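As provided, coords.csv (CSV, C-alpha atoms and all ligand atoms) reads as follows.
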chain,number,residue,atom,x,y,z
Q,13,MET,CA,-18.0,-3.1,-19.3
Q,14,LYS,CA,-15.0,-1.1,-18.5
Q,15,ASN,CA,-14.1,0.8,-15.4
Q,16,PRO,CA,-14.4,4.6,-15.5
Q,17,PRO,CA,-11.0,6.0,-16.6
Q,18,SER,CA,-10.4,7.8,-13.3
Q,19,LEU,CA,-10.9,4.5,-11.4
Q,20,ASP,CA,-8.6,2.7,-13.7
Q,21,GLN,CA,-6.0,5.4,-13.4
Q,22,LEU,CA,-6.2,5.3,-9.6
Q,23,ILE,CA,-5.8,1.5,-9.5
Q,24,SER,CA,-2.8,1.8,-11.9
Q,25,ALA,CA,-1.3,4.7,-9.9
Q,26,LEU,CA,-1.5,2.7,-6.6
Q,27,LYS,CA,0.7,0.0,-8.2
Q,28,VAL,CA,3.7,2.4,-7.9
Q,29,LEU,CA,3.7,1.4,-4.2
Q,30,PRO,CA,6.2,-1.3,-3.4
Q,31,GLY,CA,4.6,-4.7,-2.8
Q,32,VAL,CA,1.2,-3.6,-4.3
Q,33,GLY,CA,0.0,-5.7,-7.2
Q,34,PRO,CA,-3.2,-5.3,-9.4
Q,35,LYS,CA,-5.5,-7.1,-6.9
Q,36,SER,CA,-4.4,-5.1,-3.8
Q,37,ALA,CA,-4.4,-1.9,-5.8
Q,38,GLN,CA,-8.0,-2.5,-6.7
Q,39,ARG,CA,-8.9,-3.3,-3.1
Q,40,MET,CA,-7.1,-0.1,-2.0
Q,41,ALA,CA,-9.0,2.0,-4.6
Q,42,TYR,CA,-12.4,0.6,-3.6
Q,43,HIS,CA,-11.6,1.1,0.1
Q,44,LEU,CA,-10.5,4.8,-0.4
Q,45,LEU,CA,-13.4,5.7,-2.7
Q,46,GLN,CA,-16.1,3.8,-0.8
Q,47,ARG,CA,-15.0,4.0,2.8
Q,48,ASP,CA,-12.3,6.7,3.3
Q,49,LYS,CA,-12.5,9.6,1.0
Q,50,ALA,CA,-11.0,11.8,3.7
Q,51,GLY,CA,-8.1,9.4,3.9
Q,52,ALA,CA,-7.6,9.6,0.1
Q,53,GLU,CA,-7.7,13.4,0.3
Q,54,LYS,CA,-5.2,13.3,3.1
Q,55,LEU,CA,-2.9,11.0,1.1
Q,56,ALA,CA,-3.0,13.2,-2.0
Q,57,ARG,CA,-2.1,16.3,0.1
Q,58,ALA,CA,0.7,14.5,2.0
Q,59,LEU,CA,2.2,13.4,-1.3
Q,60,ASP,CA,2.1,16.9,-2.7
Q,61,ARG,CA,3.6,18.4,0.5
Q,62,ALA,CA,6.4,15.8,0.7
Q,63,LEU,CA,7.2,16.3,-3.0
Q,64,THR,CA,7.4,20.0,-2.8
Q,65,GLN,CA,9.0,20.4,0.7
Q,66,LEU,CA,11.3,17.5,1.3
Q,67,THR,CA,14.8,17.7,0.1
Q,68,HIS,CA,18.1,16.1,1.3
Q,69,CYS,CA,20.3,17.6,4.0
Q,70,GLU,CA,23.2,19.2,2.3
Q,71,ARG,CA,25.6,17.6,4.7
Q,72,CYS,CA,24.3,14.2,5.7
Q,73,ASN,CA,21.9,13.5,2.9
Q,74,THR,CA,18.9,12.5,5.0
Q,75,PHE,CA,15.5,13.8,4.2
Q,76,SER,CA,15.1,17.3,5.5
Q,77,GLU,CA,12.8,20.3,4.9
Q,78,THR,CA,15.8,22.6,5.6
Q,79,THR,CA,19.3,23.0,4.0
Q,80,LEU,CA,20.7,21.4,7.2
Q,81,CYS,CA,18.8,18.8,9.1
Q,82,ASN,CA,18.3,19.0,12.9
Q,83,VAL,CA,21.3,16.8,13.7
Q,84,CYS,CA,23.7,18.5,11.4
Q,85,ALA,CA,22.7,21.9,12.6
Q,86,ASP,CA,23.3,20.9,16.3
Q,87,ASP,CA,26.8,22.2,17.1
Q,88,LYS,CA,26.8,20.5,20.5
Q,89,ARG,CA,27.3,17.2,18.8
Q,90,ARG,CA,30.8,15.8,18.2
Q,91,GLN,CA,31.9,17.1,14.8
Q,92,ASP,CA,34.8,14.7,14.2
Q,93,THR,CA,33.0,11.3,14.0
Q,94,LEU,CA,30.8,10.4,11.0
Q,95,MET,CA,28.5,7.4,11.2
Q,96,VAL,CA,27.4,6.0,7.8
Q,97,VAL,CA,24.0,4.3,7.7
Q,98,GLU,CA,21.8,3.1,4.9
Q,99,MET,CA,18.5,4.7,5.7
Q,100,PRO,CA,16.9,7.4,7.9
Q,101,ALA,CA,15.2,4.7,9.9
Q,102,ASP,CA,18.6,3.4,10.9
Q,103,LEU,CA,19.7,6.8,12.0
Q,104,ALA,CA,16.5,7.2,14.0
Q,105,ASN,CA,17.1,3.9,15.8
Q,106,ILE,CA,20.7,4.8,16.7
Q,107,GLU,CA,19.5,8.2,18.0
Q,108,GLN,CA,16.9,6.4,20.1
Q,109,SER,CA,19.6,4.1,21.7
Q,110,GLN,CA,21.4,7.3,22.8
Q,111,CYS,CA,24.8,5.6,22.3
Q,112,TYR,CA,26.2,8.1,19.9
Q,113,ASP,CA,26.6,11.9,19.8
Q,114,GLY,CA,28.5,12.4,16.6
Q,115,LEU,CA,27.2,13.2,13.1
Q,116,TYR,CA,25.8,10.9,10.4
Q,117,PHE,CA,25.8,10.3,6.7
Q,118,VAL,CA,22.8,8.6,5.2
Q,119,LEU,CA,23.4,6.7,2.0
Q,120,MET,CA,19.7,6.4,1.1
Q,121,GLY,CA,20.2,2.8,0.0
Q,122,ARG,CA,22.8,0.2,-0.3
Q,123,VAL,CA,24.6,-1.5,-3.2
Q,124,SER,CA,22.5,-4.4,-4.4
Q,125,PRO,CA,23.5,-6.2,-7.6
Q,126,MET,CA,20.3,-8.3,-7.3
Q,127,GLU,CA,18.1,-5.2,-7.5
Q,128,GLY,CA,20.3,-3.4,-10.0
Q,129,ILE,CA,21.5,-0.8,-7.5
Q,130,GLY,CA,25.1,-0.1,-8.2
Q,131,THR,CA,27.7,2.2,-6.6
Q,132,ASN,CA,26.5,5.2,-8.6
Q,133,ASP,CA,22.9,4.8,-7.4
Q,134,ILE,CA,23.7,5.6,-3.8
Q,135,ALA,CA,25.3,8.8,-2.4
Q,136,LEU,CA,28.9,7.5,-2.3
Q,137,ALA,CA,30.4,10.6,-4.1
Q,138,LYS,CA,28.7,12.9,-1.6
Q,139,LEU,CA,29.9,10.7,1.3
Q,140,MET,CA,33.5,11.0,0.0
Q,141,ALA,CA,33.3,14.8,-0.1
Q,142,ARG,CA,31.8,14.9,3.3
Q,143,ALA,CA,34.2,12.4,4.9
Q,144,LEU,CA,37.2,14.2,3.5
Q,145,ASP,CA,36.1,17.8,4.2
Q,146,GLY,CA,38.8,18.1,6.9
Q,147,THR,CA,36.5,18.0,10.0
Q,148,VAL,CA,36.1,14.2,10.2
Q,149,GLU,CA,38.6,12.0,12.0
Q,150,GLU,CA,36.7,8.8,12.2
Q,151,VAL,CA,34.2,7.2,9.8
Q,152,ILE,CA,32.1,4.5,11.5
Q,153,VAL,CA,30.5,2.3,8.9
Q,154,ALA,CA,27.1,1.2,10.3
Q,155,THR,CA,25.5,-0.4,7.2
Q,156,ASN,CA,23.4,-3.6,7.9
Q,157,PHE,CA,25.0,-7.0,8.3
Q,158,THR,CA,23.2,-8.3,5.3
Q,159,ALA,CA,24.9,-9.3,2.1
Q,160,GLU,CA,24.1,-5.9,0.6
Q,161,GLY,CA,25.1,-4.0,3.7
Q,162,GLU,CA,28.4,-5.9,3.9
Q,163,ALA,CA,29.1,-5.2,0.2
Q,164,THR,CA,28.4,-1.5,0.7
Q,165,ALA,CA,30.7,-1.5,3.7
Q,166,HIS,CA,33.4,-3.1,1.5
Q,167,VAL,CA,33.0,-0.4,-1.2
Q,168,ILE,CA,33.2,2.4,1.4
Q,169,GLY,CA,36.3,0.8,2.8
Q,170,GLU,CA,38.0,0.7,-0.6
Q,171,LEU,CA,37.0,4.4,-1.3
Q,172,LEU,CA,38.2,5.8,2.0
Q,173,LYS,CA,41.3,3.7,2.9
Q,174,ASP,CA,44.6,5.6,3.1
Q,175,LYS,CA,42.8,8.9,2.9
Q,176,GLY,CA,43.8,10.0,6.4
Q,177,VAL,CA,40.6,9.2,8.3
Q,178,LYS,CA,40.2,6.4,10.8
Q,179,LEU,CA,37.7,3.8,9.4
Q,180,THR,CA,35.7,1.5,11.7
Q,181,ARG,CA,32.8,-0.9,11.5
Q,182,ILE,CA,30.2,-1.4,14.2
Q,183,ALA,CA,30.6,-4.7,16.0
Q,184,ARG,CA,28.9,-7.9,15.2
Q,185,GLY,CA,28.1,-10.4,17.9
Q,186,LEU,CA,25.4,-11.8,20.1
Q,187,PRO,CA,22.5,-9.4,20.9
Q,188,VAL,CA,22.2,-8.1,24.5
Q,189,GLY,CA,20.4,-10.9,26.3
Q,190,GLY,CA,21.4,-13.4,23.6
Q,191,GLU,CA,22.0,-17.0,24.6
Q,192,LEU,CA,24.7,-19.2,23.0
Q,193,GLU,CA,22.2,-22.1,22.8
Q,194,TYR,CA,19.7,-20.2,20.6
Q,195,VAL,CA,21.8,-17.8,18.5
Q,196,ASP,CA,22.3,-18.7,14.8
Q,197,LEU,CA,25.6,-20.3,14.1
Q,198,GLY,CA,26.9,-17.5,11.8
Q,199,THR,CA,26.5,-14.9,14.5
Q,200,LEU,CA,28.0,-17.2,17.1
Q,201,ALA,CA,31.1,-17.8,14.9
Q,202,GLN,CA,31.5,-14.1,14.2
Q,203,ALA,CA,31.3,-13.4,17.9
Q,204,VAL,CA,34.1,-15.8,18.6
Q,205,TYR,CA,36.3,-14.5,15.8
Q,206,GLU,CA,35.8,-10.9,16.8
Q,207,ARG,CA,36.4,-11.6,20.5
Q,208,ARG,CA,38.0,-8.7,22.5
Q,209,GLY,CA,40.0,-8.3,25.6
Q,210,LEU,CA,37.8,-8.9,28.7
Q,211,THR,CA,39.4,-6.3,31.0
Q,212,ARG,CA,40.1,-2.7,30.1
H,5,MET,CA,16.1,13.4,16.0
H,6,LYS,CA,12.6,13.6,14.5
H,7,ASN,CA,11.5,13.1,10.9
H,8,PRO,CA,10.7,16.3,9.0
H,9,PRO,CA,6.9,16.9,9.4
H,10,SER,CA,6.1,16.3,5.8
H,11,LEU,CA,7.8,12.9,5.9
H,12,ASP,CA,5.9,11.9,9.0
H,13,GLN,CA,2.7,13.1,7.5
H,14,LEU,CA,3.2,11.1,4.3
H,15,ILE,CA,4.0,7.9,6.4
H,16,SER,CA,0.9,8.5,8.4
H,17,ALA,CA,-1.2,9.2,5.4
H,18,LEU,CA,-0.1,6.0,3.7
H,19,LYS,CA,-1.5,4.0,6.6
H,20,VAL,CA,-5.1,4.8,5.4
H,21,LEU,CA,-4.5,2.1,2.8
H,22,PRO,CA,-5.9,-1.3,3.8
H,23,GLY,CA,-3.2,-3.7,4.9
H,24,VAL,CA,-0.5,-1.0,5.3
H,25,GLY,CA,1.0,-0.8,8.8
H,26,PRO,CA,3.7,1.6,10.1
H,27,LYS,CA,6.7,-0.3,8.7
H,28,SER,CA,5.4,-0.7,5.2
H,29,ALA,CA,4.1,2.9,5.2
H,30,GLN,CA,7.7,4.0,6.0
H,31,ARG,CA,9.1,1.7,3.3
H,32,MET,CA,6.5,3.1,0.7
H,33,ALA,CA,7.4,6.7,1.6
H,34,TYR,CA,11.1,6.1,1.3
H,35,HIS,CA,10.6,4.3,-2.0
H,36,LEU,CA,8.4,7.1,-3.5
H,37,LEU,CA,10.6,9.9,-2.3
H,38,GLN,CA,13.9,8.3,-3.1
H,39,ARG,CA,13.2,6.2,-6.2
H,40,ASP,CA,9.9,7.2,-7.8
H,41,LYS,CA,8.9,10.8,-7.4
H,42,ALA,CA,7.1,10.6,-10.7
H,43,GLY,CA,5.0,7.8,-9.3
H,44,ALA,CA,4.2,9.8,-6.2
H,45,GLU,CA,3.1,12.7,-8.4
H,46,LYS,CA,1.0,10.3,-10.5
H,47,LEU,CA,-0.7,8.9,-7.4
H,48,ALA,CA,-1.5,12.3,-6.0
H,49,ARG,CA,-3.1,13.4,-9.3
H,50,ALA,CA,-5.0,10.1,-9.7
H,51,LEU,CA,-6.4,10.4,-6.2
H,52,ASP,CA,-7.5,14.0,-6.9
H,53,ARG,CA,-9.1,13.0,-10.2
H,54,ALA,CA,-10.9,10.0,-8.7
H,55,LEU,CA,-12.2,12.1,-5.8
H,56,THR,CA,-13.5,14.9,-8.0
H,57,GLN,CA,-14.8,12.9,-11.0
H,58,LEU,CA,-16.1,9.5,-9.7
H,59,THR,CA,-19.6,9.3,-8.5
H,60,HIS,CA,-22.2,6.5,-8.3
H,61,CYS,CA,-24.4,5.5,-11.2
H,62,GLU,CA,-27.9,6.8,-10.4
H,63,ARG,CA,-29.5,3.5,-11.4
H,64,CYS,CA,-27.1,0.7,-10.5
H,65,ASN,CA,-24.9,2.4,-7.9
H,66,THR,CA,-21.5,1.3,-9.4
H,67,PHE,CA,-18.7,3.8,-9.8
H,68,SER,CA,-19.2,6.0,-12.7
H,69,GLU,CA,-18.1,9.4,-14.1
H,70,THR,CA,-21.5,10.0,-15.6
H,71,THR,CA,-25.1,10.0,-14.2
H,72,LEU,CA,-25.7,6.6,-15.9
H,73,CYS,CA,-22.9,4.1,-16.3
H,74,ASN,CA,-22.2,2.4,-19.7
H,75,VAL,CA,-24.2,-0.7,-18.8
H,76,CYS,CA,-27.3,1.1,-17.6
H,77,ALA,CA,-27.2,3.5,-20.6
H,78,ASP,CA,-27.2,0.5,-23.0
H,79,ASP,CA,-30.8,0.0,-24.1
H,80,LYS,CA,-30.0,-3.1,-26.0
H,81,ARG,CA,-29.6,-5.0,-22.7
H,82,ARG,CA,-32.6,-6.8,-21.1
H,83,GLN,CA,-34.3,-4.3,-19.0
H,84,ASP,CA,-36.4,-6.8,-16.9
H,85,THR,CA,-33.7,-8.7,-15.0
H,86,LEU,CA,-31.6,-7.1,-12.3
H,87,MET,CA,-28.5,-8.9,-10.9
H,88,VAL,CA,-27.4,-7.8,-7.5
H,89,VAL,CA,-23.6,-8.0,-6.8
H,90,GLU,CA,-21.4,-6.8,-4.0
H,91,MET,CA,-18.7,-4.9,-5.8
H,92,PRO,CA,-17.8,-3.5,-9.3
H,93,ALA,CA,-15.2,-6.2,-9.6
H,94,ASP,CA,-17.9,-8.8,-9.4
H,95,LEU,CA,-19.9,-7.0,-12.2
H,96,ALA,CA,-16.8,-6.9,-14.3
H,97,ASN,CA,-16.1,-10.6,-14.0
H,98,ILE,CA,-19.7,-11.5,-14.9
H,99,GLU,CA,-19.5,-9.2,-17.9
H,100,GLN,CA,-16.3,-10.9,-18.9
H,101,SER,CA,-18.0,-14.3,-18.7
H,102,GLN,CA,-20.6,-13.1,-21.3
H,103,CYS,CA,-23.3,-15.2,-19.6
H,104,TYR,CA,-25.7,-12.3,-18.8
H,105,ASP,CA,-27.2,-9.4,-20.7
H,106,GLY,CA,-29.5,-7.9,-18.2
H,107,LEU,CA,-28.8,-5.0,-15.8
H,108,TYR,CA,-27.1,-4.8,-12.5
H,109,PHE,CA,-27.2,-3.4,-9.0
H,110,VAL,CA,-24.0,-2.9,-7.1
H,111,LEU,CA,-24.4,-2.9,-3.3
H,112,MET,CA,-20.8,-1.5,-2.8
H,113,GLY,CA,-20.3,-3.9,0.1
H,114,ARG,CA,-22.1,-6.6,2.1
H,115,VAL,CA,-23.6,-7.0,5.5
H,116,SER,CA,-20.8,-7.9,7.9
H,117,PRO,CA,-21.5,-7.9,11.6
H,118,MET,CA,-17.8,-8.7,12.3
H,119,GLU,CA,-16.7,-5.5,10.6
H,120,GLY,CA,-19.6,-3.5,11.9
H,121,ILE,CA,-21.2,-3.1,8.4
H,122,GLY,CA,-25.0,-3.3,9.0
H,123,THR,CA,-28.0,-3.2,6.6
H,124,ASN,CA,-27.9,0.6,6.6
H,125,ASP,CA,-24.3,0.8,5.5
H,126,ILE,CA,-24.9,-0.7,2.1
H,127,ALA,CA,-27.2,0.5,-0.7
H,128,LEU,CA,-30.3,-1.7,0.3
H,129,ALA,CA,-32.8,1.2,0.2
H,130,LYS,CA,-31.6,2.2,-3.3
H,131,LEU,CA,-31.8,-1.4,-4.3
H,132,MET,CA,-35.4,-1.6,-3.1
H,133,ALA,CA,-36.4,1.5,-5.1
H,134,ARG,CA,-34.7,0.2,-8.2
H,135,ALA,CA,-36.0,-3.4,-8.0
H,136,LEU,CA,-39.6,-2.1,-7.5
H,137,ASP,CA,-39.6,0.7,-10.1
H,138,GLY,CA,-41.9,-1.3,-12.3
H,139,THR,CA,-39.4,-2.4,-15.0
H,140,VAL,CA,-37.9,-5.4,-13.2
H,141,GLU,CA,-39.4,-8.9,-13.3
H,142,GLU,CA,-36.5,-10.9,-11.9
H,143,VAL,CA,-33.9,-10.0,-9.3
H,144,ILE,CA,-30.9,-12.3,-9.4
H,145,VAL,CA,-29.0,-12.2,-6.1
H,146,ALA,CA,-25.3,-12.8,-7.0
H,147,THR,CA,-23.6,-11.9,-3.7
H,148,ASN,CA,-20.6,-14.1,-2.7
H,149,PHE,CA,-21.1,-17.5,-1.1
H,150,THR,CA,-19.2,-16.4,1.9
H,151,ALA,CA,-20.9,-16.0,5.3
H,152,GLU,CA,-21.3,-12.2,4.7
H,153,GLY,CA,-22.6,-12.7,1.1
H,154,GLU,CA,-25.1,-15.3,2.2
H,155,ALA,CA,-26.3,-13.0,5.1
H,156,THR,CA,-26.7,-10.2,2.6
H,157,ALA,CA,-28.6,-12.5,0.2
H,158,HIS,CA,-30.9,-13.4,3.1
H,159,VAL,CA,-31.6,-9.8,4.0
H,160,ILE,CA,-32.4,-9.0,0.3
H,161,GLY,CA,-34.7,-12.0,0.3
H,162,GLU,CA,-36.6,-10.7,3.3
H,163,LEU,CA,-36.8,-7.2,1.8
H,164,LEU,CA,-38.1,-8.2,-1.6
H,165,LYS,CA,-40.2,-11.3,-1.0
H,166,ASP,CA,-43.9,-11.0,-1.9
H,167,LYS,CA,-43.3,-7.7,-3.7
H,168,GLY,CA,-44.3,-9.0,-7.1
H,169,VAL,CA,-40.8,-9.6,-8.5
H,170,LYS,CA,-39.3,-13.1,-9.1
H,171,LEU,CA,-36.3,-13.6,-6.8
H,172,THR,CA,-33.5,-15.9,-7.7
H,173,ARG,CA,-30.0,-16.8,-6.4
H,174,ILE,CA,-27.1,-17.8,-8.6
H,175,ALA,CA,-26.4,-21.5,-8.2
H,176,ARG,CA,-24.0,-22.7,-5.7
H,177,GLY,CA,-21.7,-23.9,-8.5
H,178,LEU,CA,-19.1,-21.9,-6.8
H,179,PRO,CA,-17.2,-23.6,-4.0
H,180,VAL,CA,-18.3,-22.8,-0.5
H,181,GLY,CA,-16.3,-19.8,0.5
H,182,GLY,CA,-15.6,-18.9,-3.1
H,183,GLU,CA,-15.6,-15.2,-4.2
H,184,LEU,CA,-17.0,-14.1,-7.6
H,185,GLU,CA,-14.0,-12.0,-8.3
H,186,TYR,CA,-11.6,-14.9,-8.3
H,187,VAL,CA,-13.6,-17.8,-9.7
H,188,ASP,CA,-12.9,-19.1,-13.2
H,189,LEU,CA,-15.3,-17.8,-15.9
H,190,GLY,CA,-16.8,-21.2,-16.8
H,191,THR,CA,-17.8,-22.0,-13.3
H,192,LEU,CA,-19.2,-18.5,-12.9
H,193,ALA,CA,-21.3,-18.8,-16.1
H,194,GLN,CA,-22.6,-22.2,-15.0
H,195,ALA,CA,-23.6,-20.7,-11.7
H,196,VAL,CA,-25.6,-18.0,-13.4
H,197,TYR,CA,-27.4,-20.4,-15.8
H,198,GLU,CA,-28.4,-22.6,-12.9
H,199,ARG,CA,-29.8,-19.9,-10.7
H,200,ARG,CA,-32.7,-21.0,-8.4
H,201,GLY,CA,-35.5,-19.4,-6.4
H,202,LEU,CA,-34.1,-17.5,-3.4
H,203,THR,CA,-36.9,-18.1,-1.0
H,204,ARG,CA,-38.3,-21.6,-0.3
Q,301,ZN,ZN,22.0,16.4,8.1
Q,302,ZN,ZN,-25.4,1.8,-13.8
Show the structure stored in the file as structure tokens.
Amino acid sequence: MKNPPSLDQLISALKVLPGVGPKSAQRMAYHLLQRDKAGAEKLARALDRALTQLTHCERCNTFSETTLCNVCADDKRRQDTLMVVEMPADLANIEQSQCYDGLYFVLMGRVSPMEGIGTNDIALAKLMARALDGTVEEVIVATNFTAEGEATAHVIGELLKDKGVKLTRIARGLPVGGELEYVDLGTLAQAVYERRGLTR
Amino acid sequence: MKNPPSLDQLISALKVLPGVGPKSAQRMAYHLLQRDKAGAEKLARALDRALTQLTHCERCNTFSETTLCNVCADDKRRQDTLMVVEMPADLANIEQSQCYDGLYFVLMGRVSPMEGIGTNDIALAKLMARALDGTVEEVIVATNFTAEGEATAHVIGELLKDKGVKLTRIARGLPVGGELEYVDLGTLAQAVYERRGLTR
């Protein structure tokens, strides 16, 4: 007794999704075919549409359906600061915090030797060209404070130092509302090392 | 800053998959678009093919691309015993254990008041017609030994009792709470050999 080929192919295709192994791929296939054919159809169409219509913003490298994304096309934003983030979700969260009105560059990943993602696998060359196009005065490195994000920040620092742009890193410290008693020790130590003047 | 519509639609479409919430849908979309466009294309095509080509076997109700599935079309199998299972994966596991050479009926689910799946939501009417078509002498109920599987077995017992077919239940050689799909083949075979009368 073998599965029909189209069922096996669907189960196998679902395993391209990160975190989905053989058993959950099978469960997903049964669910779609038995209980949600409309959902399966919707997913197939959404994949097709994203594959044909999504590209990368020419300037900031984020996902976009147009040559320039909304942010890059907005000439009311500060043109002389460039914040470098790992992923579009990071950009979205900073936008939501309304703390920044400059432009962005989205690496679409980070250096990760563990996962075999090297400096050529993320958009560092495109970042260099953008940061040094003559309009940028400050590059704010806003990669995550994980081992991979820190390594990526270090690589960017090496690439852009002494190139005539100011290079900064977002601050590390206690979260707003954070209490010394409960914060992890690494964060606490960094907050002490990176202390700043209290007034002015 | 909003995502491009085709990206939002893909993230939303991925949430039709069981166990996939907003965060993992976003992670999946980024992965497919950034690292595995070929996989995304493969998944879209597999969904389309499964949706257009897969149907249910006219006799046993399992997924099939043909009117009769391989098992039902095999006239060397015993025609007078019918084993009722919940899902195609259960059928596949019994076939692999090589303990049974009769035919099957696949309910494609089980009664589950908790999930709102009632007796009309699984193929009980089709099972009745099949079990009473004059060729079946014994119906072996091989639903899981979970609360839902036991409830389903009970419903089948009520529907088929005193209808002139012998009604049996695979033995509780499986651990309580065990599922056919995951049990080892020896235990599974033993449970089939030791099947007992379902009613009384
Ligand atoms: Zn852009
Ligand atoms: Zn069949």
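Here the residues that fall within 12 Å of (-13.0, -19.9, -13.9), using only C-alpha atoms, are given as H:Asn97, H:Ile98, H:Gln100, H:Ser101, H:Gly177, H:Leu178, H:Pro179, H:Gly182, H:Glu183, H:Leu184, H:Glu185, H:Tyr186, H:Val187, H:Asp188, H:Leu189, H:Gly190, H:Thr191, H:Leu192, H:Ala193, H:Gln194, H:Ala195.
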Just C-alpha atoms for this one: save the residues we selected as a compact mmCIF listing (two decimals), in the coordinates of the input.
# COMPACT_ATOMS: atom_id res chain seq x y z
CA ASN H 97 -16.10 -10.60 -14.00
CA ILE H 98 -19.70 -11.50 -14.90
CA GLN H 100 -16.30 -10.90 -18.90
CA SER H 101 -18.00 -14.30 -18.70
CA GLY H 177 -21.70 -23.90 -8.50
CA LEU H 178 -19.10 -21.90 -6.80
CA PRO H 179 -17.20 -23.60 -4.00
CA GLY H 182 -15.60 -18.90 -3.10
CA GLU H 183 -15.60 -15.20 -4.20
CA LEU H 184 -17.00 -14.10 -7.60
CA GLU H 185 -14.00 -12.00 -8.30
CA TYR H 186 -11.60 -14.90 -8.30
CA VAL H 187 -13.60 -17.80 -9.70
CA ASP H 188 -12.90 -19.10 -13.20
CA LEU H 189 -15.30 -17.80 -15.90
CA GLY H 190 -16.80 -21.20 -16.80
CA THR H 191 -17.80 -22.00 -13.30
CA LEU H 192 -19.20 -18.50 -12.90
CA ALA H 193 -21.30 -18.80 -16.10
CA GLN H 194 -22.60 -22.20 -15.00
CA ALA H 195 -23.60 -20.70 -11.70
Interatomic distance, atom CA of Thr156 of chain H to atom CA of Gln46 of chain Q (Å, one decimal) = 17.9 Å
Would you kindly report the residues of chain H within 7 Å of chain Q, using only C-alpha atoms, as a compact mmCIF listing (two decimals) with C-alpha atoms, keeping the file's coordinate frame?
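Here's the written file selection08.txt:
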# COMPACT_ATOMS: atom_id res chain seq x y z
CA MET H 5 16.10 13.40 16.00
CA PRO H 8 10.70 16.30 9.00
CA SER H 10 6.10 16.30 5.80
CA LEU H 11 7.80 12.90 5.90
CA GLN H 13 2.70 13.10 7.50
CA LEU H 14 3.20 11.10 4.30
CA ALA H 17 -1.20 9.20 5.40
CA LEU H 18 -0.10 6.00 3.70
CA VAL H 20 -5.10 4.80 5.40
CA LEU H 21 -4.50 2.10 2.80
CA PRO H 22 -5.90 -1.30 3.80
CA MET H 32 6.50 3.10 0.70
CA GLY H 43 5.00 7.80 -9.30
CA ALA H 44 4.20 9.80 -6.20
CA LYS H 46 1.00 10.30 -10.50
CA LEU H 47 -0.70 8.90 -7.40
CA ALA H 48 -1.50 12.30 -6.00
CA ALA H 50 -5.00 10.10 -9.70
CA LEU H 51 -6.40 10.40 -6.20
CA ASP H 52 -7.50 14.00 -6.90
CA ARG H 53 -9.10 13.00 -10.20
CA ALA H 54 -10.90 10.00 -8.70
CA LEU H 58 -16.10 9.50 -9.70
CA SER H 68 -19.20 6.00 -12.70
CA GLU H 69 -18.10 9.40 -14.10
CA ASN H 74 -22.20 2.40 -19.70
CA VAL H 75 -24.20 -0.70 -18.80
CA ALA H 96 -16.80 -6.90 -14.30
CA GLU H 99 -19.50 -9.20 -17.90
Could you jot down the atom CA of Cys84 of chain Q to atom CA of Ile129 of chain Q separation for me, Å, one decimal place?
-> 27.1 Å
With chain Q superposed on chain H over the full set of C-alpha atoms in order, the residual RMSD is 6.0 Å
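Reported to one decimal place, the separation of atom CA of Glu152 of chain H from atom CA of Val115 of chain H is 5.7 Å.
For the set H:Tyr197, H:Phe109, H:Phe149, H:Tyr104, the residue with the smallest atom-to-atom gap to ligand ZN 302 (chain Q) is H:Phe109, counting all atoms listed in the file.
Among H:Lys170, H:Gly25, H:Ile126, H:Met87, the residue with the shortest atom-to-atom distance to Cys103 of chain H, counting all atoms listed in the file, is H:Met87.
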Pick from H:Gln102, H:Ser116, H:Asn148, H:Thr71: nearest to Arg176 of chain H, with all atoms listed in the file counted?
-> H:Asn148
Spatial neighbours of Val140 of chain H, max dist 12 Å, all atoms listed in the file, sep filter under 5 positions, as a count of residues only | 21
Please identify all polymer residues within 8 Å of Leu136 of chain Q, counting only C-alpha atoms, omitting same-chain residues fewer than 4 positions from it, and present them as a ChimeraX atom specification.
-> /Q:119,131-132,140,168
